[in-house]
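final26.cif follows; it contains mmCIF, C-alpha atoms.
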data_model
#
loop_
_atom_site.label_atom_id
_atom_site.label_comp_id
_atom_site.auth_asym_id
_atom_site.auth_seq_id
_atom_site.Cartn_x
_atom_site.Cartn_y
_atom_site.Cartn_z
CA MET A 1 219.19 158.04 -22.64
CA LYS A 2 221.14 154.98 -21.59
CA ALA A 3 220.37 151.93 -19.45
CA LEU A 4 222.25 149.17 -17.66
CA ILE A 5 220.79 145.73 -16.97
CA LEU A 6 222.37 143.69 -14.17
CA VAL A 7 222.55 140.29 -15.84
CA GLY A 8 225.19 138.78 -13.53
CA GLY A 9 225.93 135.10 -13.21
CA PHE A 10 224.89 131.56 -13.89
CA GLY A 11 221.14 131.59 -13.27
CA THR A 12 221.40 128.70 -10.81
CA ARG A 13 217.93 129.35 -9.34
CA LEU A 14 216.27 128.72 -12.70
CA ARG A 15 218.03 125.45 -13.44
CA PRO A 16 217.76 123.13 -15.30
CA MET A 17 216.58 125.49 -18.12
CA THR A 18 219.68 127.66 -17.68
CA LEU A 19 222.08 124.76 -18.24
CA THR A 20 221.79 125.30 -22.01
CA VAL A 21 220.52 128.89 -22.27
CA PRO A 22 221.69 131.94 -20.26
CA LYS A 23 218.90 132.97 -17.87
CA PRO A 24 218.07 136.31 -19.60
CA LEU A 25 217.45 134.40 -22.84
CA VAL A 26 215.02 131.91 -21.27
CA ASP A 27 211.63 132.56 -22.85
CA PHE A 28 208.92 134.21 -20.77
CA ALA A 29 205.55 134.51 -22.54
CA ASN A 30 207.30 133.55 -25.79
CA LEU A 31 209.93 136.30 -25.63
CA PRO A 32 213.32 136.11 -23.86
CA ILE A 33 213.10 137.64 -20.37
CA LEU A 34 215.68 140.26 -21.33
CA CYS A 35 213.75 141.33 -24.42
CA HIS A 36 210.71 142.37 -22.38
CA GLN A 37 213.02 144.87 -20.67
CA ILE A 38 214.88 146.00 -23.81
CA LYS A 39 211.57 146.58 -25.59
CA ALA A 40 210.26 148.72 -22.69
CA LEU A 41 213.51 150.73 -22.56
CA ALA A 42 213.45 151.34 -26.33
CA ASN A 43 209.83 152.55 -26.08
CA ALA A 44 210.92 155.01 -23.36
CA GLY A 45 213.56 156.55 -25.63
CA VAL A 46 216.66 154.66 -24.50
CA LYS A 47 219.20 154.39 -27.33
CA GLU A 48 221.82 152.11 -25.75
CA VAL A 49 221.55 149.27 -23.23
CA VAL A 50 224.60 147.92 -21.39
CA LEU A 51 224.44 144.33 -20.14
CA ALA A 52 226.58 143.88 -17.02
CA ILE A 53 227.60 140.28 -17.40
CA ASN A 54 230.09 137.69 -16.16
CA TYR A 55 228.81 134.63 -18.05
CA GLN A 56 228.37 133.55 -21.70
CA PRO A 57 228.67 136.99 -23.37
CA GLU A 58 229.15 135.55 -26.88
CA VAL A 59 225.93 133.53 -26.69
CA MET A 60 224.08 136.54 -25.32
CA MET A 61 225.29 139.02 -27.94
CA LYS A 62 224.69 136.66 -30.86
CA ALA A 63 221.07 136.16 -29.78
CA LEU A 64 220.49 139.86 -29.14
CA LYS A 65 221.65 141.04 -32.58
CA GLU A 66 218.18 140.53 -34.11
CA TYR A 67 216.54 142.47 -31.26
CA GLU A 68 218.93 145.40 -31.77
CA ALA A 69 217.53 145.76 -35.27
CA GLU A 70 213.92 145.12 -34.25
CA TYR A 71 213.85 147.71 -31.44
CA ASN A 72 216.37 150.13 -33.00
CA ILE A 73 218.57 150.11 -29.91
CA LYS A 74 222.28 149.43 -29.38
CA VAL A 75 223.15 146.57 -26.99
CA THR A 76 226.64 146.47 -25.46
CA CYS A 77 228.24 144.00 -23.05
CA SER A 78 230.26 145.14 -20.04
CA LEU A 79 232.18 142.04 -19.00
CA GLU A 80 233.16 141.64 -15.34
CA ASP A 81 236.36 139.68 -14.65
CA VAL A 82 235.24 139.38 -11.03
CA PRO A 83 231.62 139.75 -9.86
CA MET A 84 231.16 143.48 -9.10
CA GLY A 85 227.99 143.33 -7.02
CA THR A 86 225.00 145.53 -7.87
CA ALA A 87 226.76 148.93 -7.89
CA GLY A 88 230.24 148.08 -9.22
CA PRO A 89 228.94 147.38 -12.76
CA ILE A 90 227.61 150.96 -12.95
CA ARG A 91 231.09 152.32 -12.27
CA LEU A 92 232.61 149.81 -14.70
CA ALA A 93 230.27 151.05 -17.47
CA GLU A 94 230.67 154.74 -16.53
CA LYS A 95 232.13 155.85 -19.88
CA ILE A 96 229.31 154.27 -21.91
CA LEU A 97 226.63 155.65 -19.57
CA ARG A 98 228.04 159.22 -19.73
CA ASP A 99 229.06 159.46 -23.40
CA ASP A 100 226.51 161.02 -25.79
CA ASN A 101 223.90 161.05 -23.03
CA ASP A 102 222.19 164.42 -23.48
CA SER A 103 219.46 163.55 -20.98
CA GLY A 104 221.98 163.06 -18.16
CA LEU A 105 219.86 160.10 -17.01
CA PHE A 106 220.21 156.32 -17.06
CA PHE A 107 218.08 153.37 -15.96
CA VAL A 108 219.35 150.36 -14.01
CA PHE A 109 217.29 147.13 -14.05
CA ASN A 110 217.65 143.80 -12.29
CA SER A 111 217.31 141.30 -15.13
CA ASP A 112 214.76 139.04 -13.37
CA VAL A 113 212.07 141.68 -12.91
CA ILE A 114 208.85 141.51 -14.91
CA CYS A 115 206.14 144.22 -14.71
CA ASP A 116 204.41 146.79 -16.93
CA TYR A 117 207.49 149.10 -16.89
CA PRO A 118 205.83 152.56 -16.61
CA LEU A 119 209.10 154.25 -17.55
CA ASP A 120 207.64 157.49 -18.93
CA LYS A 121 205.96 158.13 -15.56
CA MET A 122 209.22 157.30 -13.80
CA ILE A 123 211.14 159.86 -15.89
CA GLU A 124 208.48 162.48 -15.15
CA PHE A 125 208.62 161.78 -11.40
CA HIS A 126 212.44 161.82 -11.36
CA LYS A 127 212.64 165.16 -13.15
CA ALA A 128 210.02 166.65 -10.82
CA HIS A 129 212.00 165.91 -7.63
CA GLY A 130 215.31 166.83 -9.27
CA LYS A 131 217.55 164.64 -7.07
CA GLN A 132 220.03 161.92 -8.04
CA GLY A 133 217.96 158.75 -7.78
CA THR A 134 214.51 157.18 -8.06
CA ILE A 135 213.68 153.62 -6.98
CA MET A 136 210.52 151.83 -8.04
CA VAL A 137 208.87 150.18 -5.03
CA THR A 138 206.08 147.63 -4.86
CA PRO A 139 203.79 146.64 -1.97
CA VAL A 140 204.02 143.08 -0.57
CA GLU A 141 201.79 141.12 1.80
CA ASP A 142 204.58 139.96 4.12
CA PRO A 143 207.25 142.68 4.39
CA SER A 144 209.15 140.73 7.10
CA LYS A 145 210.78 138.63 4.33
CA TYR A 146 212.24 141.65 2.53
CA GLY A 147 214.12 144.90 2.89
CA VAL A 148 211.48 147.59 3.36
CA VAL A 149 211.75 151.12 1.94
CA VAL A 150 210.50 153.78 4.39
CA ALA A 151 209.64 157.06 2.67
CA LYS A 152 207.78 160.34 3.24
CA GLU A 153 204.48 161.00 1.48
CA ASN A 154 206.28 162.86 -1.32
CA GLY A 155 208.42 159.75 -1.95
CA GLN A 156 211.65 160.97 -0.32
CA ILE A 157 213.30 157.89 1.18
CA GLU A 158 214.20 158.18 4.87
CA ARG A 159 215.67 154.75 5.53
CA PHE A 160 215.78 151.04 4.67
CA VAL A 161 214.81 148.35 7.17
CA GLU A 162 215.98 144.78 6.46
CA LYS A 163 213.38 142.06 7.28
CA PRO A 164 211.51 144.14 9.88
CA GLN A 165 209.96 142.29 12.83
CA VAL A 166 207.61 145.19 13.57
CA PHE A 167 205.58 146.90 10.85
CA VAL A 168 207.38 149.92 9.37
CA GLY A 169 205.78 149.76 5.90
CA ASN A 170 205.03 147.29 3.11
CA LYS A 171 206.94 148.74 0.14
CA ILE A 172 210.01 146.91 -1.12
CA ASN A 173 212.67 147.70 -3.71
CA ALA A 174 211.33 146.51 -7.10
CA GLY A 175 214.77 146.39 -8.77
CA LEU A 176 214.13 149.24 -11.26
CA TYR A 177 216.08 152.49 -10.83
CA LEU A 178 216.53 155.82 -12.61
CA PHE A 179 219.63 157.90 -11.85
CA SER A 180 221.25 161.15 -12.84
CA VAL A 181 224.77 160.47 -14.16
CA ASP A 182 226.48 162.40 -11.33
CA MET A 183 225.33 159.61 -9.00
CA ILE A 184 228.13 157.45 -10.50
CA ASP A 185 230.70 159.52 -8.55
CA ARG A 186 229.41 157.86 -5.37
CA ILE A 187 230.47 154.35 -6.47
CA PRO A 188 234.03 153.06 -5.87
CA ASN A 189 235.69 151.02 -8.64
CA GLU A 190 235.39 147.73 -6.74
CA PRO A 191 232.70 145.13 -5.92
CA THR A 192 229.96 147.14 -4.19
CA SER A 193 226.33 146.57 -3.17
CA ILE A 194 224.03 149.36 -4.29
CA GLU A 195 221.42 148.33 -1.71
CA ARG A 196 223.77 148.23 1.30
CA ALA A 197 226.54 150.71 0.48
CA ILE A 198 225.10 153.34 -1.86
CA PHE A 199 221.35 153.73 -1.26
CA PRO A 200 221.52 154.39 2.53
CA VAL A 201 224.03 157.22 1.95
CA MET A 202 221.96 158.69 -0.89
CA ALA A 203 218.90 158.58 1.39
CA SER A 204 220.71 160.34 4.25
CA ASP A 205 221.83 162.99 1.74
CA GLU A 206 218.15 163.38 0.69
CA HIS A 207 219.02 162.35 -2.86
CA LEU A 208 216.85 159.25 -3.19
CA TYR A 209 213.11 159.05 -3.89
CA SER A 210 210.69 156.15 -4.29
CA MET A 211 207.80 155.80 -6.71
CA GLU A 212 205.17 153.09 -6.28
CA LEU A 213 204.93 150.74 -9.24
CA PRO A 214 201.37 150.47 -10.56
CA GLY A 215 200.13 147.03 -11.55
CA TYR A 216 201.84 143.69 -11.10
CA TRP A 217 205.47 142.87 -10.25
CA MET A 218 207.47 139.66 -9.92
CA ASP A 219 211.08 138.55 -9.67
CA ILE A 220 210.90 135.52 -11.98
CA GLY A 221 214.37 134.14 -11.19
CA GLN A 222 213.12 130.77 -9.92
CA PRO A 223 210.51 128.32 -11.30
CA LYS A 224 207.71 128.95 -8.75
CA ASP A 225 207.96 132.73 -9.21
CA TYR A 226 208.35 132.35 -12.98
CA LEU A 227 204.92 130.67 -13.14
CA SER A 228 203.40 133.23 -10.74
CA GLY A 229 204.82 136.03 -12.90
CA GLN A 230 203.42 134.36 -16.01
CA ALA A 231 199.92 134.30 -14.45
CA MET A 232 200.22 138.03 -13.60
CA TYR A 233 201.51 138.86 -17.08
CA LEU A 234 198.66 137.01 -18.82
CA LYS A 235 196.05 138.54 -16.49
CA SER A 236 197.40 142.05 -17.18
CA ARG A 237 196.80 141.38 -20.87
CA GLU A 238 193.37 139.86 -20.19
CA MET A 239 194.54 136.49 -21.49
CA ASP A 240 194.26 133.03 -20.00
CA VAL A 241 196.34 131.15 -22.52
CA MET A 242 199.06 132.23 -24.97
CA VAL A 243 199.77 129.91 -27.90
CA HIS A 244 202.45 130.80 -30.44
CA GLU A 245 201.09 131.11 -33.98
CA THR A 246 203.38 128.30 -35.19
CA ALA A 247 202.25 125.81 -32.52
CA LYS A 248 199.70 123.09 -33.33
CA VAL A 249 197.07 122.27 -30.71
CA ASP A 250 194.58 119.42 -31.17
CA PRO A 251 190.99 120.74 -30.85
CA SER A 252 190.29 118.20 -28.06
CA ALA A 253 193.16 119.44 -25.86
CA LYS A 254 192.27 121.60 -22.85
CA LEU A 255 194.65 124.46 -22.04
CA GLY A 256 194.42 126.88 -19.11
CA PRO A 257 194.37 128.69 -16.92
CA ASN A 258 197.84 130.29 -17.09
CA VAL A 259 199.39 128.38 -19.97
CA VAL A 260 201.99 129.49 -22.52
CA VAL A 261 202.81 127.27 -25.51
CA GLY A 262 205.96 128.14 -27.43
CA PRO A 263 206.81 128.19 -31.16
CA GLY A 264 206.75 124.91 -33.07
CA CYS A 265 205.10 122.96 -30.25
CA GLU A 266 202.61 120.15 -30.88
CA ILE A 267 199.88 119.42 -28.33
CA GLY A 268 198.10 116.12 -28.89
CA ALA A 269 194.53 114.88 -28.50
CA GLY A 270 192.99 114.94 -25.02
CA VAL A 271 196.01 116.65 -23.45
CA LYS A 272 195.27 118.80 -20.39
CA ILE A 273 197.68 121.58 -19.38
CA SER A 274 197.25 124.18 -16.62
CA ASN A 275 199.53 126.71 -14.87
CA SER A 276 202.49 125.65 -17.01
CA THR A 277 204.89 126.68 -19.76
CA ILE A 278 205.75 124.53 -22.76
CA LEU A 279 208.92 125.95 -24.35
CA GLY A 280 209.60 125.87 -28.09
CA ASP A 281 209.58 122.78 -30.35
CA SER A 282 208.23 120.37 -27.73
CA LYS A 283 205.67 117.62 -28.38
CA ILE A 284 203.07 116.57 -25.84
CA LYS A 285 201.44 113.32 -26.98
CA ALA A 286 197.84 112.25 -26.46
CA HIS A 287 196.08 112.30 -23.08
CA SER A 288 199.01 113.58 -21.03
CA TYR A 289 198.38 115.87 -18.05
CA ILE A 290 200.74 118.73 -17.13
CA GLN A 291 200.08 120.98 -14.14
CA GLY A 292 202.25 123.63 -12.44
CA SER A 293 205.40 122.73 -14.38
CA ILE A 294 207.89 124.00 -16.98
CA ILE A 295 208.67 121.82 -20.02
CA GLY A 296 211.94 122.75 -21.74
CA TRP A 297 212.80 123.14 -25.42
CA LYS A 298 212.66 120.20 -27.85
CA ASN A 299 211.08 117.79 -25.33
CA THR A 300 208.96 114.80 -26.30
CA ILE A 301 206.41 113.88 -23.65
CA GLY A 302 204.77 110.50 -24.34
CA SER A 303 201.10 109.54 -24.08
CA TRP A 304 199.24 109.25 -20.76
CA VAL A 305 202.10 110.97 -18.88
CA ARG A 306 201.38 112.87 -15.65
CA ILE A 307 203.68 115.83 -14.82
CA THR A 308 202.94 117.94 -11.73
CA LYS A 309 204.26 119.81 -8.66
CA LEU A 310 206.77 122.18 -10.26
CA THR A 311 208.56 119.61 -12.38
CA CYS A 312 211.11 121.32 -14.67
CA THR A 313 212.73 119.70 -17.67
CA ALA A 314 215.75 121.07 -19.51
CA GLU A 315 216.35 121.03 -23.26
CA ASP A 316 215.98 117.78 -25.26
CA VAL A 317 214.27 115.53 -22.69
CA GLN A 318 212.24 112.46 -23.70
CA VAL A 319 209.61 111.10 -21.31
CA LYS A 320 208.19 107.64 -22.06
CA ASP A 321 204.48 106.81 -22.19
CA GLU A 322 202.61 106.45 -18.88
CA SER A 323 205.39 108.02 -16.79
CA LEU A 324 204.80 110.05 -13.62
CA LEU A 325 206.92 113.09 -12.68
CA GLU A 326 206.27 115.02 -9.45
CA ASN A 327 208.55 117.85 -8.31
CA THR A 328 211.33 116.46 -10.48
CA LYS A 329 214.14 118.29 -12.27
CA ILE A 330 215.55 116.64 -15.40
CA LEU A 331 218.84 117.78 -16.89
CA PRO A 332 219.44 118.17 -20.67
CA HIS A 333 219.56 115.30 -23.17
CA LYS A 334 217.90 112.67 -20.97
CA GLY A 335 215.39 109.93 -21.66
CA VAL A 336 213.28 108.83 -18.69
CA GLY A 337 210.44 106.42 -17.97
CA GLY A 338 208.65 105.27 -14.83
CA GLU A 339 207.75 107.14 -11.64
CA TYR A 340 209.86 109.96 -10.18
CA ARG A 341 209.04 112.05 -7.13
CA ASP A 342 211.20 114.81 -5.57
CA GLN A 343 214.24 113.90 -7.65
CA ILE A 344 216.95 115.44 -9.80
CA ILE A 345 217.70 113.25 -12.82
CA MET A 346 221.23 113.81 -14.07
#

What's the structure tokens form of this structure?
Amino acid sequence: MKALILVGGFGTRLRPMTLTVPKPLVDFANLPILCHQIKALANAGVKEVVLAINYQPEVMMKALKEYEAEYNIKVTCSLEDVPMGTAGPIRLAEKILRDDNDSGLFFVFNSDVICDYPLDKMIEFHKAHGKQGTIMVTPVEDPSKYGVVVAKENGQIERFVEKPQVFVGNKINAGLYLFSVDMIDRIPNEPTSIERAIFPVMASDEHLYSMELPGYWMDIGQPKDYLSGQAMYLKSREMDVMVHETAKVDPSAKLGPNVVVGPGCEIGAGVKISNSTILGDSKIKAHSYIQGSIIGWKNTIGSWVRITKLTCTAEDVQVKDESLLENTKILPHKGVGGEYRDQIIM
């Protein structure tokens, strides 16, 4: 089996972390976002993953070499000269997806999606209905903000309703698909939206089915959703806090709920951290308080610092003792001190 992951562009929604690292390589629960997906695909029997990409392919491939060996899976880049939308990359990678693919099936993932990836069940469901496509769907509380998938009880999709003002259902596209290779014939070799141009036609041809995703789901492409997704991920593993084995945490520090501490980090005495991520090789000095924020790689946070309200720091940021950061974004290689609220520090 093969798979294609829609990696796309510059990761602007997850800045400032993505100013030094491509978004799919930003750590989530101490593993690059992309690797959660590659690992799940490898476990489901996928032998080759194609990354549809138009940004930093060299950086991406260099980092992924070790994961190729670890998960025994081939990772290939399909480079777009112009952005090809969400369907065009499938056509662009057609030869790779078809060649040596005895199963006749391939997955397509949006690279920001985190969940439990029940791919074996998806394959089973897809083979049972025998049509060209299966979409994972997930229920949401407020469907009026999304495109809603309307399907029969057996999962056959009837139509899609964009941001419905009256209730037609609460299931939305979860960004995980399984297709038979003959579906590729439907896609023109030009920038094309799979959601707007391909899926409605497949549905009217009765070739598209939906399967409800069990468990949690989150698009973690922006900081608020990244932290929400982290909370869901930890809960699904019955954890409150995840600390990398190489990190050092002072016994008097209080971590949790929903905290991830990356490799090589040092957490000082009396530090309190909740609902936050501390990325690799960062130091948090004594008695600092971090809540609802993301601290980038190789940061040094001084003593008695208060960081709250979805503050995000990029790589190599130094924050002086007794500083206050609220809803502040700090770009790479900066030293700051004092009080900052609702600011971007360049």

Expansion of the PyMOL selection byres ((chain A and resi 151-163) around 6) into residues, as a ChimeraX atom specification: /A:144-150,164,203,208-210

Chain and number of each residue from the PyMOL selection byres ((chain A and resi 40) around 12), as a PyMOL selection string: chain A and resi 3+33-39+41-47+49+71+73+107+109+114-120

Ground truth for the PyMOL selection byres ((chain A and resi 288-299) around 7), written as number ranges by chain: A: 17, 271-287, 300-301, 303-318

Near-A:Arg186 list (10 Å; only C-alpha atoms; drop same-chain fewer than 6 positions) as a ChimeraX atom specification: /A:87,91,197-199,201-202

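Taking atom CA of A:Arg341 and atom CA of A:Lys329 as the two end points, the separation is 9.6 Å.
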
Interatomic distance, atom CA of A:Asn30 to atom CA of A:Val243 (Å, one decimal): 8.6 Å

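Distances here use only C-alpha atoms; by that measure, the residue among A:Asp250, A:Leu176, A:Glu245, A:Asn189 closest to A:Gly262 is A:Glu245.
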
Nearby residues (all atoms listed in the file) at most 8 Å from A:Ile90, same-chain spacing under 2 positions excluded, as a PyMOL selection string: chain A and resi 4+86-88+92-94+184+187

Nearest to A:Leu64 by atom-to-atom distance, counting only C-alpha atoms, from A:Gly175, A:Gly221, A:Gly215, A:Pro32: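 Comparing A:Gly175, A:Gly221, A:Gly215, A:Pro32 against A:Leu64, the winner is A:Pro32.
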
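Residue neighbourhood of A:His126, excluding near-sequence residues (fewer than 4 positions): A:Lys121, A:Met122, A:Gly130, A:Lys131, A:Gln132, A:Gly133, A:Thr134, A:Leu178, A:Phe179, A:Ser180, A:Tyr209, A:Met211, at 9 Å, using only C-alpha atoms.
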
Write to file, as a PDB file, in the coordinates of the input, the residues of the selection just made, with C-alpha atoms.
ATOM      1  CA  LYS A 121     205.960 158.130 -15.560  1.00  0.00           C
ATOM      2  CA  MET A 122     209.220 157.300 -13.800  1.00  0.00           C
ATOM      3  CA  GLY A 130     215.310 166.830  -9.270  1.00  0.00           C
ATOM      4  CA  LYS A 131     217.550 164.640  -7.070  1.00  0.00           C
ATOM      5  CA  GLN A 132     220.030 161.920  -8.040  1.00  0.00           C
ATOM      6  CA  GLY A 133     217.960 158.750  -7.780  1.00  0.00           C
ATOM      7  CA  THR A 134     214.510 157.180  -8.060  1.00  0.00           C
ATOM      8  CA  LEU A 178     216.530 155.820 -12.610  1.00  0.00           C
ATOM      9  CA  PHE A 179     219.630 157.900 -11.850  1.00  0.00           C
ATOM     10  CA  SER A 180     221.250 161.150 -12.840  1.00  0.00           C
ATOM     11  CA  TYR A 209     213.110 159.050  -3.890  1.00  0.00           C
ATOM     12  CA  MET A 211     207.800 155.800  -6.710  1.00  0.00           C
TER      13      MET A 211
END

Long-range neighbours of A:Thr138 as a PyMOL selection string, 7 Å cut-off, all atoms listed in the file, 5 positions minimum in chain: chain A and resi 171-174+212-213

Atomic separation - atom CA of A:Ser204 relative to atom CA of A:Leu6, Å: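 A separation of 24.9 Å between them.
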
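For the point (234.2, 144.3, -2.8), the residues with an atom at a distance of at most 10 Å are Val82, Pro83, Met84, Gly85, Gly88, Pro188, Asn189, Glu190, Pro191, Thr192 and Ser193 of chain A, counting only C-alpha atoms.
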
Selection: 9 Å around A:Leu14, all atoms listed in the file, excl. self and same-chain fewer than 6 positions, as a list in words: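 Non-adjacent residues within range: Lys23, Ile220, Gly221, Gln222, Pro223 and Tyr226 of chain A.
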
Once 6 Å is added on each side, what are the centre and the three edge lengths, in Å to one decimal, of the axis-aligned box enclosing the listed atoms of stretch 136-154 of chain A? Present them as JSON.
{"center_x": 208.0, "center_y": 150.7, "center_z": -0.5, "size_x": 24.3, "size_y": 36.2, "size_z": 27.1}

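With all atoms listed in the file as the basis for measurement, A:Val59 is the residue among A:Ala253, A:Asp182, A:Asp219, A:Val59 that approaches A:Val21 most closely.
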
Among the residues A:Gly264, A:Val26, A:Ala52, A:Arg15, the one that comes closest to A:Val75 [using only C-alpha atoms]: A:Ala52

As a PDB file, keeping the file's coordinate frame, the rebuilt stretch 325-340 of chain A with N, CA, C and O atoms:
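Resulting contents of part-v9.pdb:
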ATOM      1  N   LEU A 325     205.865 112.201 -13.191  1.00  0.00           N
ATOM      2  CA  LEU A 325     206.920 113.090 -12.680  1.00  0.00           C
ATOM      3  C   LEU A 325     206.288 114.080 -11.706  1.00  0.00           C
ATOM      4  O   LEU A 325     205.413 114.859 -12.090  1.00  0.00           O
ATOM      5  N   GLU A 326     206.725 114.056 -10.457  1.00  0.00           N
ATOM      6  CA  GLU A 326     206.270 115.020  -9.450  1.00  0.00           C
ATOM      7  C   GLU A 326     207.476 115.731  -8.859  1.00  0.00           C
ATOM      8  O   GLU A 326     208.405 115.069  -8.374  1.00  0.00           O
ATOM      9  N   ASN A 327     207.450 117.059  -8.889  1.00  0.00           N
ATOM     10  CA  ASN A 327     208.550 117.850  -8.310  1.00  0.00           C
ATOM     11  C   ASN A 327     209.916 117.288  -8.685  1.00  0.00           C
ATOM     12  O   ASN A 327     210.755 117.026  -7.841  1.00  0.00           O
ATOM     13  N   THR A 328     210.098 117.082  -9.995  1.00  0.00           N
ATOM     14  CA  THR A 328     211.330 116.460 -10.480  1.00  0.00           C
ATOM     15  C   THR A 328     212.029 117.400 -11.455  1.00  0.00           C
ATOM     16  O   THR A 328     211.382 118.051 -12.266  1.00  0.00           O
ATOM     17  N   LYS A 329     213.350 117.482 -11.338  1.00  0.00           N
ATOM     18  CA  LYS A 329     214.140 118.290 -12.270  1.00  0.00           C
ATOM     19  C   LYS A 329     214.940 117.325 -13.147  1.00  0.00           C
ATOM     20  O   LYS A 329     215.629 116.440 -12.640  1.00  0.00           O
ATOM     21  N   ILE A 330     214.839 117.514 -14.467  1.00  0.00           N
ATOM     22  CA  ILE A 330     215.550 116.640 -15.400  1.00  0.00           C
ATOM     23  C   ILE A 330     216.531 117.459 -16.222  1.00  0.00           C
ATOM     24  O   ILE A 330     216.155 118.437 -16.858  1.00  0.00           O
ATOM     25  N   LEU A 331     217.792 117.058 -16.202  1.00  0.00           N
ATOM     26  CA  LEU A 331     218.840 117.780 -16.890  1.00  0.00           C
ATOM     27  C   LEU A 331     218.801 117.506 -18.396  1.00  0.00           C
ATOM     28  O   LEU A 331     218.095 116.600 -18.837  1.00  0.00           O
ATOM     29  N   PRO A 332     219.556 118.290 -19.205  1.00  0.00           N
ATOM     30  CA  PRO A 332     219.440 118.170 -20.670  1.00  0.00           C
ATOM     31  C   PRO A 332     219.794 116.785 -21.207  1.00  0.00           C
ATOM     32  O   PRO A 332     220.573 116.050 -20.602  1.00  0.00           O
ATOM     33  N   HIS A 333     219.210 116.479 -22.364  1.00  0.00           N
ATOM     34  CA  HIS A 333     219.560 115.300 -23.170  1.00  0.00           C
ATOM     35  C   HIS A 333     219.349 113.986 -22.403  1.00  0.00           C
ATOM     36  O   HIS A 333     220.206 113.098 -22.419  1.00  0.00           O
ATOM     37  N   LYS A 334     218.198 113.882 -21.749  1.00  0.00           N
ATOM     38  CA  LYS A 334     217.900 112.670 -20.970  1.00  0.00           C
ATOM     39  C   LYS A 334     216.635 112.004 -21.507  1.00  0.00           C
ATOM     40  O   LYS A 334     215.702 112.676 -21.963  1.00  0.00           O
ATOM     41  N   GLY A 335     216.604 110.687 -21.404  1.00  0.00           N
ATOM     42  CA  GLY A 335     215.390 109.930 -21.660  1.00  0.00           C
ATOM     43  C   GLY A 335     214.973 109.246 -20.365  1.00  0.00           C
ATOM     44  O   GLY A 335     215.806 108.613 -19.720  1.00  0.00           O
ATOM     45  N   VAL A 336     213.722 109.419 -19.955  1.00  0.00           N
ATOM     46  CA  VAL A 336     213.280 108.830 -18.690  1.00  0.00           C
ATOM     47  C   VAL A 336     211.952 108.101 -18.870  1.00  0.00           C
ATOM     48  O   VAL A 336     211.165 108.414 -19.772  1.00  0.00           O
ATOM     49  N   GLY A 337     211.714 107.123 -17.987  1.00  0.00           N
ATOM     50  CA  GLY A 337     210.440 106.420 -17.970  1.00  0.00           C
ATOM     51  C   GLY A 337     210.214 105.882 -16.570  1.00  0.00           C
ATOM     52  O   GLY A 337     211.161 105.606 -15.840  1.00  0.00           O
ATOM     53  N   GLY A 338     208.942 105.772 -16.172  1.00  0.00           N
ATOM     54  CA  GLY A 338     208.650 105.270 -14.830  1.00  0.00           C
ATOM     55  C   GLY A 338     208.115 106.377 -13.940  1.00  0.00           C
ATOM     56  O   GLY A 338     207.593 107.390 -14.413  1.00  0.00           O
ATOM     57  N   GLU A 339     208.261 106.178 -12.617  1.00  0.00           N
ATOM     58  CA  GLU A 339     207.750 107.140 -11.640  1.00  0.00           C
ATOM     59  C   GLU A 339     208.900 107.834 -10.917  1.00  0.00           C
ATOM     60  O   GLU A 339     209.819 107.173 -10.426  1.00  0.00           O
ATOM     61  N   TYR A 340     208.823 109.165 -10.858  1.00  0.00           N
ATOM     62  CA  TYR A 340     209.860 109.960 -10.180  1.00  0.00           C
ATOM     63  C   TYR A 340     209.192 111.014  -9.316  1.00  0.00           C
ATOM     64  O   TYR A 340     208.355 111.778  -9.797  1.00  0.00           O
TER      65      TYR A 340
END
